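File shown: start.tsv. Contents: TSV, N, CA and C atoms.
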chain	number	residue	atom	x	y	z
A	1325	GLY	N	85.42	107.11	127.63
A	1325	GLY	CA	86.17	108.33	127.95
A	1325	GLY	C	85.78	109.48	127.06
A	1326	PRO	N	86.30	110.65	127.34
A	1326	PRO	CA	85.97	111.84	126.55
A	1326	PRO	C	86.51	111.74	125.12
A	1327	LYS	N	85.80	112.37	124.21
A	1327	LYS	CA	86.23	112.43	122.81
A	1327	LYS	C	86.58	113.88	122.47
A	1328	VAL	N	87.46	114.03	121.50
A	1328	VAL	CA	87.84	115.36	121.03
A	1328	VAL	C	86.65	116.01	120.34
A	1329	LYS	N	86.36	117.26	120.70
A	1329	LYS	CA	85.31	118.02	120.02
A	1329	LYS	C	85.79	119.45	119.83
A	1330	ASP	N	84.97	120.26	119.15
A	1330	ASP	CA	85.34	121.65	118.91
A	1330	ASP	C	85.57	122.33	120.25
A	1331	GLY	N	86.70	123.02	120.39
A	1331	GLY	CA	87.00	123.69	121.65
A	1331	GLY	C	87.80	122.86	122.63
A	1332	SER	N	87.99	121.56	122.34
A	1332	SER	CA	88.80	120.71	123.22
A	1332	SER	C	90.24	121.19	123.25
A	1333	SER	N	90.86	121.05	124.41
A	1333	SER	CA	92.30	121.26	124.53
A	1333	SER	C	92.93	119.87	124.62
A	1334	ILE	N	93.83	119.57	123.71
A	1334	ILE	CA	94.40	118.23	123.68
A	1334	ILE	C	95.92	118.25	123.69
A	1335	GLU	N	96.50	117.13	124.15
A	1335	GLU	CA	97.93	116.88	124.03
A	1335	GLU	C	98.10	115.96	122.83
A	1336	LEU	N	98.90	116.41	121.87
A	1336	LEU	CA	99.04	115.70	120.60
A	1336	LEU	C	100.50	115.37	120.35
A	1337	ILE	N	100.75	114.16	119.83
A	1337	ILE	CA	102.05	113.89	119.21
A	1337	ILE	C	101.80	113.61	117.74
A	1338	TYR	N	102.79	113.92	116.92
A	1338	TYR	CA	102.60	113.78	115.47
A	1338	TYR	C	103.91	113.46	114.77
A	1339	SER	N	103.78	112.86	113.62
A	1339	SER	CA	104.91	112.67	112.72
A	1339	SER	C	104.41	112.97	111.31
A	1340	ILE	N	105.18	113.77	110.57
A	1340	ILE	CA	104.77	114.23	109.24
A	1340	ILE	C	105.74	113.69	108.20
A	1341	SER	N	105.19	113.15	107.12
A	1341	SER	CA	106.04	112.73	106.01
A	1341	SER	C	105.41	113.18	104.70
A	1342	THR	N	106.19	113.06	103.63
A	1342	THR	CA	105.67	113.38	102.31
A	1342	THR	C	104.79	112.22	101.83
A	1343	ALA	N	104.03	112.47	100.78
A	1343	ALA	CA	103.16	111.43	100.23
A	1343	ALA	C	103.96	110.22	99.77
A	1344	SER	N	105.22	110.45	99.39
A	1344	SER	CA	106.07	109.34	98.94
A	1344	SER	C	106.75	108.63	100.13
A	1345	GLY	N	106.46	109.10	101.35
A	1345	GLY	CA	106.97	108.40	102.53
A	1345	GLY	C	108.25	108.96	103.10
A	1346	GLN	N	108.73	110.09	102.57
A	1346	GLN	CA	109.96	110.68	103.12
A	1346	GLN	C	109.64	111.42	104.41
A	1347	TYR	N	110.37	111.08	105.47
A	1347	TYR	CA	110.17	111.70	106.78
A	1347	TYR	C	110.47	113.19	106.73
A	1348	MET	N	109.57	114.01	107.32
A	1348	MET	CA	109.80	115.45	107.38
A	1348	MET	C	110.21	115.85	108.79
A	1349	TYR	N	109.27	115.79	109.74
A	1349	TYR	CA	109.60	116.05	111.14
A	1349	TYR	C	108.47	115.58	112.03
A	1350	SER	N	108.72	115.58	113.32
A	1350	SER	CA	107.75	115.03	114.26
A	1350	SER	C	107.93	115.62	115.64
A	1351	LYS	N	106.99	115.31	116.52
A	1351	LYS	CA	107.11	115.68	117.93
A	1351	LYS	C	106.50	114.55	118.76
A	1352	GLY	N	107.32	113.99	119.65
A	1352	GLY	CA	106.83	112.99	120.61
A	1352	GLY	C	106.77	111.56	120.12
A	1353	PHE	N	107.19	111.32	118.86
A	1353	PHE	CA	107.12	109.97	118.30
A	1353	PHE	C	108.41	109.18	118.50
A	1354	GLY	N	109.44	109.83	119.05
A	1354	GLY	CA	110.70	109.14	119.28
A	1354	GLY	C	111.69	109.25	118.14
A	1355	TYR	N	111.32	110.04	117.10
A	1355	TYR	CA	112.22	110.19	115.95
A	1355	TYR	C	113.15	111.39	116.11
A	1356	GLU	N	112.84	112.28	117.03
A	1356	GLU	CA	113.66	113.47	117.24
A	1356	GLU	C	114.34	113.38	118.60
A	1357	LYS	N	115.39	114.20	118.76
A	1357	LYS	CA	116.10	114.24	120.04
A	1357	LYS	C	115.74	115.51	120.80
A	1358	VAL	N	115.61	115.38	122.11
A	1358	VAL	CA	115.42	116.55	122.96
A	1358	VAL	C	116.47	116.51	124.06
A	1359	SER	N	116.77	117.68	124.59
A	1359	SER	CA	117.71	117.76	125.70
A	1359	SER	C	116.94	117.47	126.98
A	1360	PHE	N	117.36	116.45	127.69
A	1360	PHE	CA	116.65	116.04	128.91
A	1360	PHE	C	117.67	115.57	129.92
A	1361	GLY	N	117.65	116.17	131.10
A	1361	GLY	CA	118.62	115.80	132.13
A	1361	GLY	C	120.05	116.02	131.66
A	1362	GLY	N	120.23	117.08	130.85
A	1362	GLY	CA	121.58	117.43	130.40
A	1362	GLY	C	122.11	116.59	129.25
A	1363	LYS	N	121.31	115.67	128.74
A	1363	LYS	CA	121.78	114.93	127.56
A	1363	LYS	C	120.68	114.81	126.51
A	1364	GLN	N	121.12	114.52	125.30
A	1364	GLN	CA	120.19	114.38	124.18
A	1364	GLN	C	119.57	112.99	124.22
A	1365	GLN	N	118.24	112.92	124.23
A	1365	GLN	CA	117.61	111.62	124.09
A	1365	GLN	C	116.35	111.69	123.26
A	1366	SER	N	115.85	110.51	122.90
A	1366	SER	CA	114.65	110.39	122.09
A	1366	SER	C	113.50	111.16	122.74
A	1367	ASP	N	112.68	111.83	121.92
A	1367	ASP	CA	111.57	112.62	122.48
A	1367	ASP	C	110.34	111.78	122.78
A	1368	LEU	N	110.42	110.46	122.62
A	1368	LEU	CA	109.29	109.58	122.90
A	1368	LEU	C	108.89	109.72	124.37
A	1369	GLY	N	107.64	110.13	124.60
A	1369	GLY	CA	107.16	110.28	125.96
A	1369	GLY	C	107.64	111.54	126.66
A	1370	LEU	N	108.48	112.34	125.99
A	1370	LEU	CA	109.02	113.55	126.62
A	1370	LEU	C	108.49	114.83	126.00
A	1371	ASP	N	107.91	114.73	124.82
A	1371	ASP	CA	107.50	115.95	124.12
A	1371	ASP	C	106.12	115.75	123.51
A	1372	SER	N	105.33	116.81	123.53
A	1372	SER	CA	104.02	116.78	122.89
A	1372	SER	C	103.63	118.22	122.57
A	1373	MET	N	102.52	118.37	121.89
A	1373	MET	CA	102.04	119.70	121.50
A	1373	MET	C	100.64	119.89	122.06
A	1374	ARG	N	100.38	121.05	122.66
A	1374	ARG	CA	99.03	121.35	123.09
A	1374	ARG	C	98.28	122.02	121.94
A	1375	VAL	N	97.11	121.48	121.64
A	1375	VAL	CA	96.30	121.98	120.53
A	1375	VAL	C	94.92	122.34	121.06
A	1376	LEU	N	94.46	123.53	120.71
A	1376	LEU	CA	93.09	123.94	121.03
A	1376	LEU	C	92.30	123.84	119.73
A	1377	ILE	N	91.34	122.91	119.69
A	1377	ILE	CA	90.59	122.68	118.45
A	1377	ILE	C	89.79	123.94	118.10
A	1378	GLY	N	89.98	124.41	116.85
A	1378	GLY	CA	89.32	125.63	116.40
A	1378	GLY	C	90.25	126.83	116.33
A	1379	GLU	N	91.44	126.69	116.94
A	1379	GLU	CA	92.40	127.81	116.94
A	1379	GLU	C	93.35	127.76	115.74
A	1380	HIS	N	93.32	126.64	115.01
A	1380	HIS	CA	94.17	126.45	113.82
A	1380	HIS	C	95.65	126.51	114.13
A	1381	ASN	N	96.07	125.97	115.29
A	1381	ASN	CA	97.52	125.84	115.49
A	1381	ASN	C	98.04	124.52	114.93
A	1382	VAL	N	97.12	123.74	114.34
A	1382	VAL	CA	97.47	122.67	113.39
A	1382	VAL	C	96.56	122.88	112.18
A	1383	PRO	N	96.92	122.29	111.03
A	1383	PRO	CA	96.07	122.48	109.84
A	1383	PRO	C	94.62	122.06	110.09
A	1384	VAL	N	93.69	122.70	109.39
A	1384	VAL	CA	92.27	122.39	109.59
A	1384	VAL	C	91.95	120.93	109.29
A	1385	GLY	N	92.68	120.33	108.34
A	1385	GLY	CA	92.48	118.92	108.05
A	1385	GLY	C	92.82	118.02	109.23
A	1386	ILE	N	93.80	118.45	110.02
A	1386	ILE	CA	94.17	117.70	111.22
A	1386	ILE	C	93.13	117.93	112.32
A	1387	GLU	N	92.68	119.17	112.47
A	1387	GLU	CA	91.60	119.44	113.44
A	1387	GLU	C	90.38	118.57	113.14
A	1388	SER	N	89.99	118.50	111.86
A	1388	SER	CA	88.84	117.68	111.48
A	1388	SER	C	89.06	116.22	111.82
A	1389	ALA	N	90.27	115.73	111.56
A	1389	ALA	CA	90.59	114.32	111.81
A	1389	ALA	C	90.59	114.02	113.31
A	1390	LEU	N	90.94	115.02	114.12
A	1390	LEU	CA	91.00	114.82	115.57
A	1390	LEU	C	89.62	114.70	116.21
A	1391	ILE	N	88.61	115.35	115.59
A	1391	ILE	CA	87.26	115.33	116.15
A	1391	ILE	C	86.78	113.88	116.29
A	1392	GLY	N	86.34	113.53	117.48
A	1392	GLY	CA	85.83	112.18	117.72
A	1392	GLY	C	86.88	111.20	118.21
A	1393	MET	N	88.16	111.59	118.18
A	1393	MET	CA	89.20	110.69	118.66
A	1393	MET	C	89.19	110.63	120.18
A	1394	GLY	N	89.61	109.50	120.72
A	1394	GLY	CA	89.73	109.33	122.16
A	1394	GLY	C	91.18	109.29	122.58
A	1395	LYS	N	91.42	109.36	123.87
A	1395	LYS	CA	92.78	109.31	124.41
A	1395	LYS	C	93.45	108.00	124.01
A	1396	GLY	N	94.69	108.11	123.53
A	1396	GLY	CA	95.44	106.92	123.13
A	1396	GLY	C	95.17	106.46	121.71
A	1397	GLU	N	94.23	107.13	121.05
A	1397	GLU	CA	93.90	106.75	119.67
A	1397	GLU	C	94.91	107.35	118.70
A	1398	ARG	N	95.22	106.59	117.65
A	1398	ARG	CA	96.18	107.04	116.65
A	1398	ARG	C	95.54	106.96	115.28
A	1399	ARG	N	95.77	107.97	114.45
A	1399	ARG	CA	95.25	107.97	113.08
A	1399	ARG	C	96.33	108.40	112.11
A	1400	ARG	N	96.21	107.91	110.87
A	1400	ARG	CA	97.04	108.39	109.77
A	1400	ARG	C	96.15	109.23	108.87
A	1401	VAL	N	96.60	110.44	108.55
A	1401	VAL	CA	95.79	111.38	107.79
A	1401	VAL	C	96.57	111.85	106.57
A	1402	GLU	N	95.97	111.68	105.39
A	1402	GLU	CA	96.56	112.23	104.17
A	1402	GLU	C	95.97	113.61	103.94
A	1403	LEU	N	96.85	114.60	103.90
A	1403	LEU	CA	96.40	115.99	103.94
A	1403	LEU	C	96.71	116.72	102.63
A	1404	PRO	N	95.67	116.97	101.81
A	1404	PRO	CA	95.89	117.80	100.62
A	1404	PRO	C	96.20	119.24	101.06
A	1405	PRO	N	96.93	119.99	100.22
A	1405	PRO	CA	97.34	121.34	100.61
A	1405	PRO	C	96.18	122.26	100.98
A	1406	GLY	N	95.01	122.06	100.38
A	1406	GLY	CA	93.86	122.93	100.67
A	1406	GLY	C	93.44	122.92	102.13
A	1407	VAL	N	93.71	121.83	102.82
A	1407	VAL	CA	93.39	121.76	104.26
A	1407	VAL	C	94.66	121.54	105.07
A	1408	GLY	N	95.80	121.86	104.43
A	1408	GLY	CA	97.11	121.59	105.02
A	1408	GLY	C	97.73	122.80	105.70
A	1409	PHE	N	99.06	122.84	105.62
A	1409	PHE	CA	99.85	123.83	106.35
A	1409	PHE	C	99.41	125.28	106.15
A	1410	GLU	N	98.94	125.61	104.95
A	1410	GLU	CA	98.58	127.01	104.69
A	1410	GLU	C	97.40	127.45	105.55
A	1411	THR	N	96.61	126.48	106.05
A	1411	THR	CA	95.44	126.83	106.87
A	1411	THR	C	95.82	127.07	108.33
A	1412	SER	N	97.07	126.77	108.69
A	1412	SER	CA	97.51	126.96	110.08
A	1412	SER	C	98.72	127.88	110.13
A	1413	ASN	N	98.88	128.68	109.07
A	1413	ASN	CA	100.03	129.58	108.98
A	1413	ASN	C	101.34	128.82	109.18
A	1414	TRP	N	101.40	127.62	108.59
A	1414	TRP	CA	102.60	126.77	108.62
A	1414	TRP	C	102.98	126.29	110.03
A	1415	GLN	N	101.97	126.20	110.90
A	1415	GLN	CA	102.17	125.58	112.21
A	1415	GLN	C	101.73	124.12	112.13
A	1416	PRO	N	102.27	123.22	112.92
A	1416	PRO	CA	103.41	123.41	113.81
A	1416	PRO	C	104.72	123.47	113.03
A	1417	GLU	N	105.59	124.35	113.45
A	1417	GLU	CA	106.84	124.56	112.74
A	1417	GLU	C	107.89	123.53	113.16
A	1418	PRO	N	108.75	123.14	112.21
A	1418	PRO	CA	109.87	122.28	112.56
A	1418	PRO	C	110.91	123.06	113.36
A	1419	ILE	N	111.63	122.38	114.23
A	1419	ILE	CA	112.69	123.05	114.98
A	1419	ILE	C	114.07	122.53	114.60
A	1420	THR	N	114.13	121.36	113.95
A	1420	THR	CA	115.42	120.82	113.55
A	1420	THR	C	115.81	121.34	112.18
A	1421	ARG	N	117.12	121.33	111.91
A	1421	ARG	CA	117.62	121.79	110.62
A	1421	ARG	C	117.02	120.93	109.51
A	1422	ARG	N	116.97	119.61	109.75
A	1422	ARG	CA	116.42	118.70	108.74
A	1422	ARG	C	114.95	119.01	108.47
A	1423	GLY	N	114.19	119.25	109.53
A	1423	GLY	CA	112.77	119.56	109.38
A	1423	GLY	C	112.55	120.85	108.61
A	1424	ILE	N	113.38	121.85	108.91
A	1424	ILE	CA	113.26	123.15	108.23
A	1424	ILE	C	113.56	122.99	106.74
A	1425	THR	N	114.60	122.21	106.43
A	1425	THR	CA	114.93	121.92	105.03
A	1425	THR	C	113.76	121.22	104.33
A	1426	GLN	N	113.17	120.24	105.01
A	1426	GLN	CA	112.06	119.49	104.43
A	1426	GLN	C	110.86	120.40	104.13
A	1427	ILE	N	110.55	121.30	105.05
A	1427	ILE	CA	109.38	122.17	104.83
A	1427	ILE	C	109.66	123.18	103.73
A	1428	GLU	N	110.91	123.65	103.61
A	1428	GLU	CA	111.25	124.56	102.51
A	1428	GLU	C	111.10	123.85	101.17
A	1429	GLN	N	111.55	122.60	101.10
A	1429	GLN	CA	111.41	121.83	99.86
A	1429	GLN	C	109.94	121.62	99.53
A	1430	TYR	N	109.15	121.37	100.56
A	1430	TYR	CA	107.71	121.16	100.36
A	1430	TYR	C	107.04	122.44	99.82
A	1431	LYS	N	107.40	123.58	100.42
A	1431	LYS	CA	106.83	124.86	99.95
A	1431	LYS	C	107.18	125.10	98.48
A	1432	ARG	N	108.42	124.78	98.10
A	1432	ARG	CA	108.84	124.96	96.70
A	1432	ARG	C	108.02	124.08	95.77
A	1433	LYS	N	107.71	122.86	96.21
A	1433	LYS	CA	106.91	121.95	95.40
A	1433	LYS	C	105.51	122.54	95.15
A	1434	LEU	N	104.94	123.14	96.20
A	1434	LEU	CA	103.59	123.70	96.09
A	1434	LEU	C	103.53	124.88	95.12
A	1435	VAL	N	104.56	125.74	95.15
A	1435	VAL	CA	104.50	126.95	94.32
A	1435	VAL	C	105.18	126.77	92.96
A	1436	GLY	N	105.97	125.69	92.84
A	1436	GLY	CA	106.72	125.47	91.61
A	1436	GLY	C	108.04	126.21	91.67
A	1437	PHE	N	109.04	125.67	91.02
A	1437	PHE	CA	110.36	126.33	90.99
A	1437	PHE	C	111.10	125.87	89.75
A	1438	GLY	N	111.94	126.77	89.22
A	1438	GLY	CA	112.64	126.43	87.99
A	1438	GLY	C	111.64	126.07	86.91
A	1439	SER	N	111.87	124.91	86.28
A	1439	SER	CA	110.94	124.47	85.24
A	1439	SER	C	109.80	123.62	85.81
A	1440	GLN	N	109.81	123.43	87.12
A	1440	GLN	CA	108.77	122.62	87.77
A	1440	GLN	C	107.50	123.43	87.98
A	1441	PRO	N	106.37	122.97	87.45
A	1441	PRO	CA	105.11	123.67	87.72
A	1441	PRO	C	104.67	123.42	89.17
A	1442	PRO	N	103.80	124.27	89.70
A	1442	PRO	CA	103.28	124.03	91.05
A	1442	PRO	C	102.62	122.65	91.13
A	1443	PHE	N	102.80	121.98	92.25
A	1443	PHE	CA	102.25	120.64	92.42
A	1443	PHE	C	101.55	120.55	93.77
A	1444	PRO	N	100.25	120.13	93.79
A	1444	PRO	CA	99.51	120.10	95.05
A	1444	PRO	C	99.86	118.87	95.90
A	1445	ALA	N	101.10	118.85	96.39
A	1445	ALA	CA	101.60	117.68	97.12
A	1445	ALA	C	100.90	117.53	98.47
A	1446	GLU	N	100.56	116.29	98.79
A	1446	GLU	CA	99.98	116.00	100.09
A	1446	GLU	C	101.08	115.82	101.14
A	1447	THR	N	100.70	115.97	102.39
A	1447	THR	CA	101.55	115.50	103.47
A	1447	THR	C	100.78	114.40	104.19
A	1448	VAL	N	101.51	113.51	104.83
A	1448	VAL	CA	100.89	112.41	105.57
A	1448	VAL	C	101.26	112.57	107.04
A	1449	TRP	N	100.24	112.61	107.89
A	1449	TRP	CA	100.43	112.84	109.32
A	1449	TRP	C	100.01	111.60	110.10
A	1450	ASP	N	100.88	111.14	110.98
A	1450	ASP	CA	100.48	110.17	111.99
A	1450	ASP	C	100.24	110.98	113.26
A	1451	ILE	N	99.03	110.88	113.80
A	1451	ILE	CA	98.69	111.67	114.99
A	1451	ILE	C	98.20	110.76	116.10
A	1452	GLU	N	98.52	111.12	117.33
A	1452	GLU	CA	98.02	110.38	118.49
A	1452	GLU	C	97.64	111.37	119.58
A	1453	VAL	N	96.46	111.14	120.15
A	1453	VAL	CA	95.95	111.99	121.23
A	1453	VAL	C	96.41	111.40	122.57
A	1454	LEU	N	97.18	112.19	123.32
A	1454	LEU	CA	97.66	111.73	124.63
A	1454	LEU	C	96.73	112.12	125.76
A	1455	GLY	N	96.02	113.22	125.58
A	1455	GLY	CA	95.12	113.69	126.63
A	1455	GLY	C	94.09	114.65	126.07
A	1456	ILE	N	92.94	114.71	126.71
A	1456	ILE	CA	91.84	115.58	126.25
A	1456	ILE	C	91.27	116.33	127.45
A	1457	ARG	N	91.12	117.64	127.28
A	1457	ARG	CA	90.39	118.44	128.28
A	1457	ARG	C	89.26	119.15	127.58
A	1458	ASN	N	88.01	118.85	127.94
A	1458	ASN	CA	86.86	119.46	127.29
A	1458	ASN	C	86.25	120.57	128.15

So, in terms of structure tokens, how does the structure I just supplied come out?
Amino acid sequence: GPKVKDGSSIELIYSISTASGQYMYSKGFGYEKVSFGGKQQSDLGLDSMRVLIGEHNVPVGIESALIGMGKGERRRVELPPGVGFETSNWQPEPITRRGITQIEQYKRKLVGFGSQPPFPAETVWDIEVLGIRN
């Protein structure tokens, strides 16, 4: 089947956590709730993100990891800040209150706060390609 390459349009699901394993937020992995048919249910199979490789609507480290992946393939990616959220203007953004809190805490870790010096914390992404259009 087709593989992800530069310029591919893909359907992506993802889950993001801290390097220590604390869940941040996700889309399409079944950890979040979406409104469907008038009720709240798991987003597994109901939600995904369209990504155009090269447009940086996900961090460049994720774009690089996606290259060569096939439909249905899943990868875990450890993302240092240099190729992380700052390279995608903090996209994809969380939509839940918990996710927003998590990303704010992460930003504070990167820049330092109080007596805490800046810390180049990684994020860990589980990604799965649902579809590829080349």

The distance between CA of Ser1350 (chain A) and CA of Tyr1338 (chain A) is 5.4 Å

Give, as lines of an AutoDock Vina configuration file, the centre coordinates and the x, y and z edge lengths in Å to one decimal for an axis-aligned box around all listed atoms of region 1326-1341 of chain A, padded by 8 Å on each side.
center_x = 95.5
center_y = 117.2
center_z = 116.0
size_x = 37.1
size_y = 29.0
size_z = 38.6

### Task
For region 1363-1376 of chain A, list every protein, DNA or RNA residue within 7 Å, evaluated using only N, CA and C atoms, and leave out those in the same chain fewer than 3 positions away; present the list as a PyMOL selection string.
chain A and resi 1330-1338+1351-1360+1379-1382

TODO: Give the helix (DSSP H, G or I) residues of region 1333-1420 of chain A, as DSSP finds them on the backbone, and put them as a PyMOL selection string.
DONE: chain A and resi 1384-1390+1405-1407+1409-1412

Residues of region 1423-1442 of chain A within 10 Å of region 1395-1416 of chain A: nearest atom pair and distance (Å, one decimal) for each, counting only C-alpha atoms, sorted by chain and number, as a Markdown table?
| residue | atom | partner | partner_atom | distance |
| --- | --- | --- | --- | --- |
| A:Ile1427 | CA | A:Trp1414 | CA | 9.0 |
| A:Lys1431 | CA | A:Phe1409 | CA | 9.5 |
| A:Leu1434 | CA | A:Pro1405 | CA | 8.1 |

Those residues you just picked out, can you put them in a file as a short mmCIF file (atom, residue, chain, number, x, y, z; two decimals), in the frame of the given file with N, CA and C atoms?
data_model
loop_
_atom_site.label_atom_id
_atom_site.label_comp_id
_atom_site.auth_asym_id
_atom_site.auth_seq_id
_atom_site.Cartn_x
_atom_site.Cartn_y
_atom_site.Cartn_z
N ILE A 1427 110.55 121.30 105.05
CA ILE A 1427 109.38 122.17 104.83
C ILE A 1427 109.66 123.18 103.73
N LYS A 1431 107.40 123.58 100.42
CA LYS A 1431 106.83 124.86 99.95
C LYS A 1431 107.18 125.10 98.48
N LEU A 1434 104.94 123.14 96.20
CA LEU A 1434 103.59 123.70 96.09
C LEU A 1434 103.53 124.88 95.12
#

One decimal place gives the CA of Pro1418 (chain A)-CA of Thr1447 (chain A) separation as 14.1 Å

Report task. For CA of Glu1446 (chain A) and CA of Ser1341 (chain A), determine how far apart the two atoms are, in Å to one decimal place. Result ->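 Taking CA of Glu1446 (chain A) as the start and CA of Ser1341 (chain A) as the end point, the length is 9.1 Å.
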
Q.
Using only C-alpha atoms, which protein or nucleic acid residues come within 10 Å of Lys1327 (chain A)? Drop anything in the same chain fewer than 2 positions from it, and give the result as a PyMOL selection string.
A. chain A and resi 1325+1329+1332+1390-1395+1453+1455-1458

Quick one: pick out all strand (DSSP E) residues within region 1335-1450 of chain A from a backbone DSSP run and write them as a PyMOL selection string. chain A and resi 1335-1342+1347-1351+1357-1360+1363-1366+1373-1376+1398-1403+1447-1450

Shortest contact to Gln1346 (chain A), candidates A:Leu1454, A:Ser1388, A:Ile1377, A:Tyr1430, atoms counted only C-alpha atoms, goes to A:Tyr1430

Please supply region 1399-1406 of chain A, rebuilt with all heavy atoms, as an mmCIF file, in the frame of the given file.
data_model
loop_
_atom_site.group_PDB
_atom_site.id
_atom_site.type_symbol
_atom_site.label_atom_id
_atom_site.label_comp_id
_atom_site.auth_asym_id
_atom_site.auth_seq_id
_atom_site.Cartn_x
_atom_site.Cartn_y
_atom_site.Cartn_z
ATOM 1 N N ARG A 1399 95.770 107.970 114.450
ATOM 2 C CA ARG A 1399 95.250 107.970 113.080
ATOM 3 C C ARG A 1399 96.330 108.400 112.110
ATOM 4 O O ARG A 1399 97.203 109.183 112.459
ATOM 5 C CB ARG A 1399 94.079 108.964 112.931
ATOM 6 C CG ARG A 1399 92.774 108.450 113.473
ATOM 7 C CD ARG A 1399 91.604 109.376 113.207
ATOM 8 N NE ARG A 1399 90.420 108.861 113.917
ATOM 9 C CZ ARG A 1399 89.313 109.535 114.125
ATOM 10 N NH1 ARG A 1399 89.199 110.773 113.677
ATOM 11 N NH2 ARG A 1399 88.301 108.994 114.773
ATOM 12 N N ARG A 1400 96.210 107.910 110.870
ATOM 13 C CA ARG A 1400 97.040 108.390 109.770
ATOM 14 C C ARG A 1400 96.150 109.230 108.870
ATOM 15 O O ARG A 1400 95.067 108.800 108.491
ATOM 16 C CB ARG A 1400 97.645 107.236 108.989
ATOM 17 C CG ARG A 1400 98.349 107.699 107.711
ATOM 18 C CD ARG A 1400 99.272 106.643 107.183
ATOM 19 N NE ARG A 1400 100.497 106.619 107.991
ATOM 20 C CZ ARG A 1400 101.577 105.918 107.672
ATOM 21 N NH1 ARG A 1400 101.592 105.164 106.595
ATOM 22 N NH2 ARG A 1400 102.643 105.961 108.440
ATOM 23 N N VAL A 1401 96.600 110.440 108.550
ATOM 24 C CA VAL A 1401 95.790 111.380 107.790
ATOM 25 C C VAL A 1401 96.570 111.850 106.570
ATOM 26 O O VAL A 1401 97.686 112.352 106.706
ATOM 27 C CB VAL A 1401 95.430 112.624 108.667
ATOM 28 C CG1 VAL A 1401 94.472 113.536 107.913
ATOM 29 C CG2 VAL A 1401 94.860 112.206 110.011
ATOM 30 N N GLU A 1402 95.970 111.680 105.390
ATOM 31 C CA GLU A 1402 96.560 112.230 104.170
ATOM 32 C C GLU A 1402 95.970 113.610 103.940
ATOM 33 O O GLU A 1402 94.758 113.756 103.851
ATOM 34 C CB GLU A 1402 96.280 111.310 102.985
ATOM 35 C CG GLU A 1402 97.016 109.990 103.095
ATOM 36 C CD GLU A 1402 96.699 109.035 101.960
ATOM 37 O OE1 GLU A 1402 96.184 109.488 100.907
ATOM 38 O OE2 GLU A 1402 96.966 107.832 102.132
ATOM 39 N N LEU A 1403 96.850 114.600 103.900
ATOM 40 C CA LEU A 1403 96.400 115.990 103.940
ATOM 41 C C LEU A 1403 96.710 116.720 102.630
ATOM 42 O O LEU A 1403 97.853 117.064 102.355
ATOM 43 C CB LEU A 1403 97.156 116.677 105.090
ATOM 44 C CG LEU A 1403 96.440 117.738 105.904
ATOM 45 C CD1 LEU A 1403 95.135 117.206 106.468
ATOM 46 C CD2 LEU A 1403 97.342 118.209 107.031
ATOM 47 N N PRO A 1404 95.670 116.970 101.810
ATOM 48 C CA PRO A 1404 95.890 117.800 100.620
ATOM 49 C C PRO A 1404 96.200 119.240 101.060
ATOM 50 O O PRO A 1404 95.787 119.659 102.141
ATOM 51 C CB PRO A 1404 94.560 117.739 99.870
ATOM 52 C CG PRO A 1404 93.682 116.804 100.623
ATOM 53 C CD PRO A 1404 94.288 116.556 101.958
ATOM 54 N N PRO A 1405 96.930 119.990 100.220
ATOM 55 C CA PRO A 1405 97.340 121.340 100.610
ATOM 56 C C PRO A 1405 96.180 122.260 100.980
ATOM 57 O O PRO A 1405 96.337 123.133 101.837
ATOM 58 C CB PRO A 1405 98.064 121.884 99.383
ATOM 59 C CG PRO A 1405 98.318 120.737 98.495
ATOM 60 C CD PRO A 1405 97.452 119.601 98.902
ATOM 61 N N GLY A 1406 95.010 122.060 100.380
ATOM 62 C CA GLY A 1406 93.860 122.930 100.670
ATOM 63 C C GLY A 1406 93.440 122.920 102.130
ATOM 64 O O GLY A 1406 92.863 123.898 102.608
#
